[in-house]
Amino acid sequence: MKRLVIVMIGIVLFAGAVGAATAAEGSWGQWEPTYQGPISVPAGLVCTFAVQADPVSQDLAVRYHYDEAGNPDGYQVKGVLIARITNLDTGASVERNSSGFGTVLYNPDGSWEAVVTGPFLVFFVPGDNPSSQLLLFSGRTVLRGDPSGAKTLVSEAGRTEDLCNTLS
């Protein structure tokens, strides 16, 4: 993910795989601990104000998928991730659960597909679709990324909170 695909999962980063992104070949590795660091974005990129997401509580694990040749071609993330999201211009902040389960699979052309079930925070930047938004999804979310790094919201089922509006 060459661009800011800030996918705080409870993805992080990033994310999930599609029913079409279920790994039929190869194998999954062992779960291992991971973490989500703070994410800071300047004004105008996601919201009209500078915004930062800081982990408050986390207990995350990741495992990688390997194709038949042993090359990594995807990953899954699970666990607890509670984040404080702050409007850096006003100091207003909220805490949100972003503890979803996500799968990301990479395609040979450099694109990727992701499916996340549960709470999932996504920073959409200019060039993404939707563009320049900070959204918290609760339910099932499907994203697709192109080889340039731009991501597209394919579908979402459940609630969506626009954190730029919440923190305005």
# chains A, B, ... in the order shown; residues from 1 in each chain; ligands from 1

call {"tool": "closest_atom_pairs", "arguments": {"of": "stretch 73-95 of chain A", "to": "stretch 115-137 of chain A", "cutoff": "12 Å", "atoms": "only C-alpha atoms", "output": "tab-separated table"}}
result
residue	atom	partner	partner_atom	distance
A:Gly74	CA	A:Val115	CA	11.8
A:Tyr75	CA	A:Val115	CA	11.1
A:Gln76	CA	A:Val116	CA	9.5
A:Val77	CA	A:Val116	CA	9.2
A:Lys78	CA	A:Val116	CA	9.8
A:Gly79	CA	A:Gly118	CA	10.8
A:Val80	CA	A:Pro119	CA	10.2
A:Leu81	CA	A:Pro119	CA	9.4
A:Ile82	CA	A:Pro119	CA	9.9
A:Ala83	CA	A:Leu121	CA	9.2
A:Arg84	CA	A:Leu121	CA	11.3
A:Ile85	CA	A:Leu134	CA	10.0
A:Thr86	CA	A:Leu134	CA	11.5
A:Asn87	CA	A:Leu134	CA	11.5
A:Val94	CA	A:Leu136	CA	11.9
A:Glu95	CA	A:Leu136	CA	11.4

call {"tool": "write_last_selection", "arguments": {"atoms": "all heavy atoms", "output": "compact mmCIF listing (two decimals), in the first residue's frame"}}
result
# COMPACT_ATOMS: atom_id res chain seq x y z
N GLY A 74 -0.61 -12.10 1.01
CA GLY A 74 -1.72 -11.55 1.76
C GLY A 74 -1.48 -11.66 3.25
O GLY A 74 -0.45 -12.19 3.69
N TYR A 75 -2.41 -11.12 4.02
CA TYR A 75 -2.32 -11.21 5.47
C TYR A 75 -3.68 -11.03 6.11
O TYR A 75 -4.62 -10.56 5.47
CB TYR A 75 -1.32 -10.19 6.05
CG TYR A 75 -1.70 -8.75 5.84
CD1 TYR A 75 -2.42 -8.06 6.80
CD2 TYR A 75 -1.31 -8.06 4.70
CE1 TYR A 75 -2.76 -6.72 6.62
CE2 TYR A 75 -1.63 -6.73 4.51
CZ TYR A 75 -2.36 -6.06 5.48
OH TYR A 75 -2.70 -4.75 5.30
N GLN A 76 -3.78 -11.43 7.38
CA GLN A 76 -4.96 -11.20 8.20
C GLN A 76 -4.53 -10.52 9.48
O GLN A 76 -3.42 -10.73 9.97
CB GLN A 76 -5.66 -12.53 8.56
CG GLN A 76 -6.27 -13.21 7.37
CD GLN A 76 -6.97 -14.50 7.73
OE1 GLN A 76 -6.49 -15.27 8.56
NE2 GLN A 76 -8.12 -14.74 7.10
N VAL A 77 -5.43 -9.69 10.01
CA VAL A 77 -5.19 -8.98 11.27
C VAL A 77 -6.41 -9.19 12.15
O VAL A 77 -7.55 -9.12 11.67
CB VAL A 77 -4.95 -7.47 11.04
CG1 VAL A 77 -4.76 -6.75 12.37
CG2 VAL A 77 -3.77 -7.24 10.12
N LYS A 78 -6.16 -9.42 13.43
CA LYS A 78 -7.25 -9.58 14.40
C LYS A 78 -6.80 -8.98 15.72
O LYS A 78 -5.62 -8.73 15.94
CB LYS A 78 -7.60 -11.05 14.60
CG LYS A 78 -6.50 -11.86 15.28
CD LYS A 78 -6.93 -13.29 15.52
CE LYS A 78 -5.85 -14.08 16.27
NZ LYS A 78 -6.30 -15.43 16.60
N GLY A 79 -7.77 -8.74 16.59
CA GLY A 79 -7.45 -8.30 17.94
C GLY A 79 -8.12 -7.00 18.32
O GLY A 79 -8.93 -6.45 17.59
N VAL A 80 -7.72 -6.52 19.48
CA VAL A 80 -8.29 -5.31 20.06
C VAL A 80 -7.50 -4.09 19.63
O VAL A 80 -6.26 -4.10 19.68
CB VAL A 80 -8.29 -5.40 21.60
CG1 VAL A 80 -8.75 -4.10 22.24
CG2 VAL A 80 -9.15 -6.57 22.05
N LEU A 81 -8.21 -3.05 19.20
CA LEU A 81 -7.58 -1.77 18.90
C LEU A 81 -8.57 -0.66 19.23
O LEU A 81 -9.61 -0.51 18.57
CB LEU A 81 -7.15 -1.66 17.44
CG LEU A 81 -6.52 -0.33 17.02
CD1 LEU A 81 -5.28 -0.03 17.85
CD2 LEU A 81 -6.18 -0.36 15.55
N ILE A 82 -8.29 0.08 20.28
CA ILE A 82 -9.07 1.24 20.66
C ILE A 82 -8.21 2.46 20.34
O ILE A 82 -7.04 2.51 20.73
CB ILE A 82 -9.43 1.25 22.16
CG1 ILE A 82 -10.06 -0.09 22.59
CG2 ILE A 82 -10.32 2.44 22.51
CD1 ILE A 82 -11.34 -0.45 21.90
N ALA A 83 -8.77 3.43 19.62
CA ALA A 83 -8.00 4.60 19.19
C ALA A 83 -8.64 5.90 19.67
O ALA A 83 -9.87 5.99 19.75
CB ALA A 83 -7.88 4.62 17.66
N ARG A 84 -7.80 6.86 19.98
CA ARG A 84 -8.25 8.23 20.24
C ARG A 84 -7.98 9.02 18.97
O ARG A 84 -6.85 9.10 18.50
CB ARG A 84 -7.51 8.87 21.41
CG ARG A 84 -7.94 10.33 21.65
CD ARG A 84 -7.26 10.98 22.86
NE ARG A 84 -7.62 10.26 24.08
CZ ARG A 84 -6.77 9.50 24.79
NH1 ARG A 84 -5.51 9.38 24.43
NH2 ARG A 84 -7.18 8.87 25.87
N ILE A 85 -9.03 9.58 18.39
CA ILE A 85 -8.92 10.36 17.17
C ILE A 85 -9.10 11.82 17.57
O ILE A 85 -10.08 12.18 18.22
CB ILE A 85 -9.96 9.93 16.11
CG1 ILE A 85 -9.80 8.43 15.78
CG2 ILE A 85 -9.79 10.74 14.84
CD1 ILE A 85 -10.67 7.53 16.55
N THR A 86 -8.12 12.66 17.17
CA THR A 86 -8.07 14.04 17.65
C THR A 86 -8.02 15.03 16.50
O THR A 86 -7.24 14.87 15.56
CB THR A 86 -6.84 14.26 18.54
OG1 THR A 86 -6.86 13.29 19.61
CG2 THR A 86 -6.80 15.66 19.13
N ASN A 87 -8.86 16.07 16.59
CA ASN A 87 -8.77 17.23 15.71
C ASN A 87 -7.63 18.06 16.28
O ASN A 87 -7.74 18.63 17.36
CB ASN A 87 -10.10 18.01 15.74
CG ASN A 87 -10.06 19.31 14.97
OD1 ASN A 87 -9.01 19.94 14.81
ND2 ASN A 87 -11.22 19.74 14.51
N VAL A 94 -12.25 11.93 20.28
CA VAL A 94 -13.17 10.85 20.63
C VAL A 94 -12.37 9.56 20.66
O VAL A 94 -11.32 9.45 20.01
CB VAL A 94 -14.34 10.72 19.62
CG1 VAL A 94 -15.25 11.94 19.67
CG2 VAL A 94 -13.83 10.49 18.21
N GLU A 95 -12.86 8.60 21.43
CA GLU A 95 -12.26 7.26 21.41
C GLU A 95 -13.21 6.34 20.68
O GLU A 95 -14.43 6.40 20.89
CB GLU A 95 -12.00 6.75 22.83
CG GLU A 95 -10.82 7.42 23.47
CD GLU A 95 -10.41 6.78 24.80
OE1 GLU A 95 -10.88 5.67 25.12
OE2 GLU A 95 -9.60 7.40 25.50

call {"tool": "residues_around", "arguments": {"residues": "stretch 23-40 of chain A", "least_positions_apart": "6", "cutoff": "8 Å", "atoms": "only C-alpha atoms", "output": "VMD selection string"}}
result
chain A and resid 6 8 11 to 13 50 to 55 58 to 70 105

call {"tool": "residues_around", "arguments": {"residues": "A:Trp112", "least_positions_apart": "6", "cutoff": "6 Å", "atoms": "only C-alpha atoms", "output": "PyMOL selection string"}}
result
chain A and resi 105-106+144-145

call {"tool": "write_last_selection", "arguments": {"atoms": "all heavy atoms", "output": "compact mmCIF listing (two decimals), in the first residue's frame"}}
result
# COMPACT_ATOMS: atom_id res chain seq x y z
N LEU A 105 -5.56 -9.51 0.45
CA LEU A 105 -4.86 -10.36 -0.51
C LEU A 105 -4.37 -9.52 -1.67
O LEU A 105 -5.09 -8.65 -2.16
CB LEU A 105 -5.77 -11.48 -1.02
CG LEU A 105 -6.14 -12.53 0.01
CD1 LEU A 105 -7.06 -13.58 -0.60
CD2 LEU A 105 -4.92 -13.20 0.61
N TYR A 106 -3.13 -9.77 -2.07
CA TYR A 106 -2.51 -9.03 -3.16
C TYR A 106 -2.68 -9.79 -4.47
O TYR A 106 -2.54 -11.01 -4.51
CB TYR A 106 -1.02 -8.83 -2.87
CG TYR A 106 -0.78 -8.07 -1.61
CD1 TYR A 106 -0.34 -8.72 -0.47
CD2 TYR A 106 -1.04 -6.71 -1.54
CE1 TYR A 106 -0.14 -8.02 0.71
CE2 TYR A 106 -0.85 -6.01 -0.36
CZ TYR A 106 -0.40 -6.67 0.76
OH TYR A 106 -0.22 -5.98 1.93
N ARG A 144 -10.92 -2.10 -2.36
CA ARG A 144 -10.03 -2.56 -3.42
C ARG A 144 -9.00 -1.47 -3.66
O ARG A 144 -9.33 -0.29 -3.71
CB ARG A 144 -10.83 -2.83 -4.70
CG ARG A 144 -9.98 -3.38 -5.83
CD ARG A 144 -10.81 -3.99 -6.94
NE ARG A 144 -11.44 -5.22 -6.44
CZ ARG A 144 -12.76 -5.47 -6.52
NH1 ARG A 144 -13.56 -4.60 -7.07
NH2 ARG A 144 -13.25 -6.60 -6.05
N GLY A 145 -7.75 -1.87 -3.80
CA GLY A 145 -6.67 -0.93 -4.07
C GLY A 145 -6.08 -1.19 -5.44
O GLY A 145 -5.94 -2.34 -5.85

call {"tool": "select_by_dssp", "arguments": {"residues": "chain A", "states": "strand (DSSP E or B)", "output": "ChimeraX atom specification"}}
result
/A:7-9,27-28,32-34,39-41,51-66,72-87,93-97,101-106,112-117,120-124,129,133-145,151-162

call {"tool": "closest_residue", "arguments": {"among": "A:Asn71, A:Ser98, A:Ser111, A:Ser57", "to": "A:Gly149", "atoms": "only C-alpha atoms"}}
result
A:Ser111

call {"tool": "select_by_dssp", "arguments": {"residues": "chain A", "states": "helix (DSSP H, G or I)", "output": "PyMOL selection string"}}
result
chain A and resi 19-21+163-167

call {"tool": "atom_distance", "arguments": {"atom1": "atom CA of A:Gly91", "atom2": "atom CA of A:Thr141"}}
result
29.2 Å
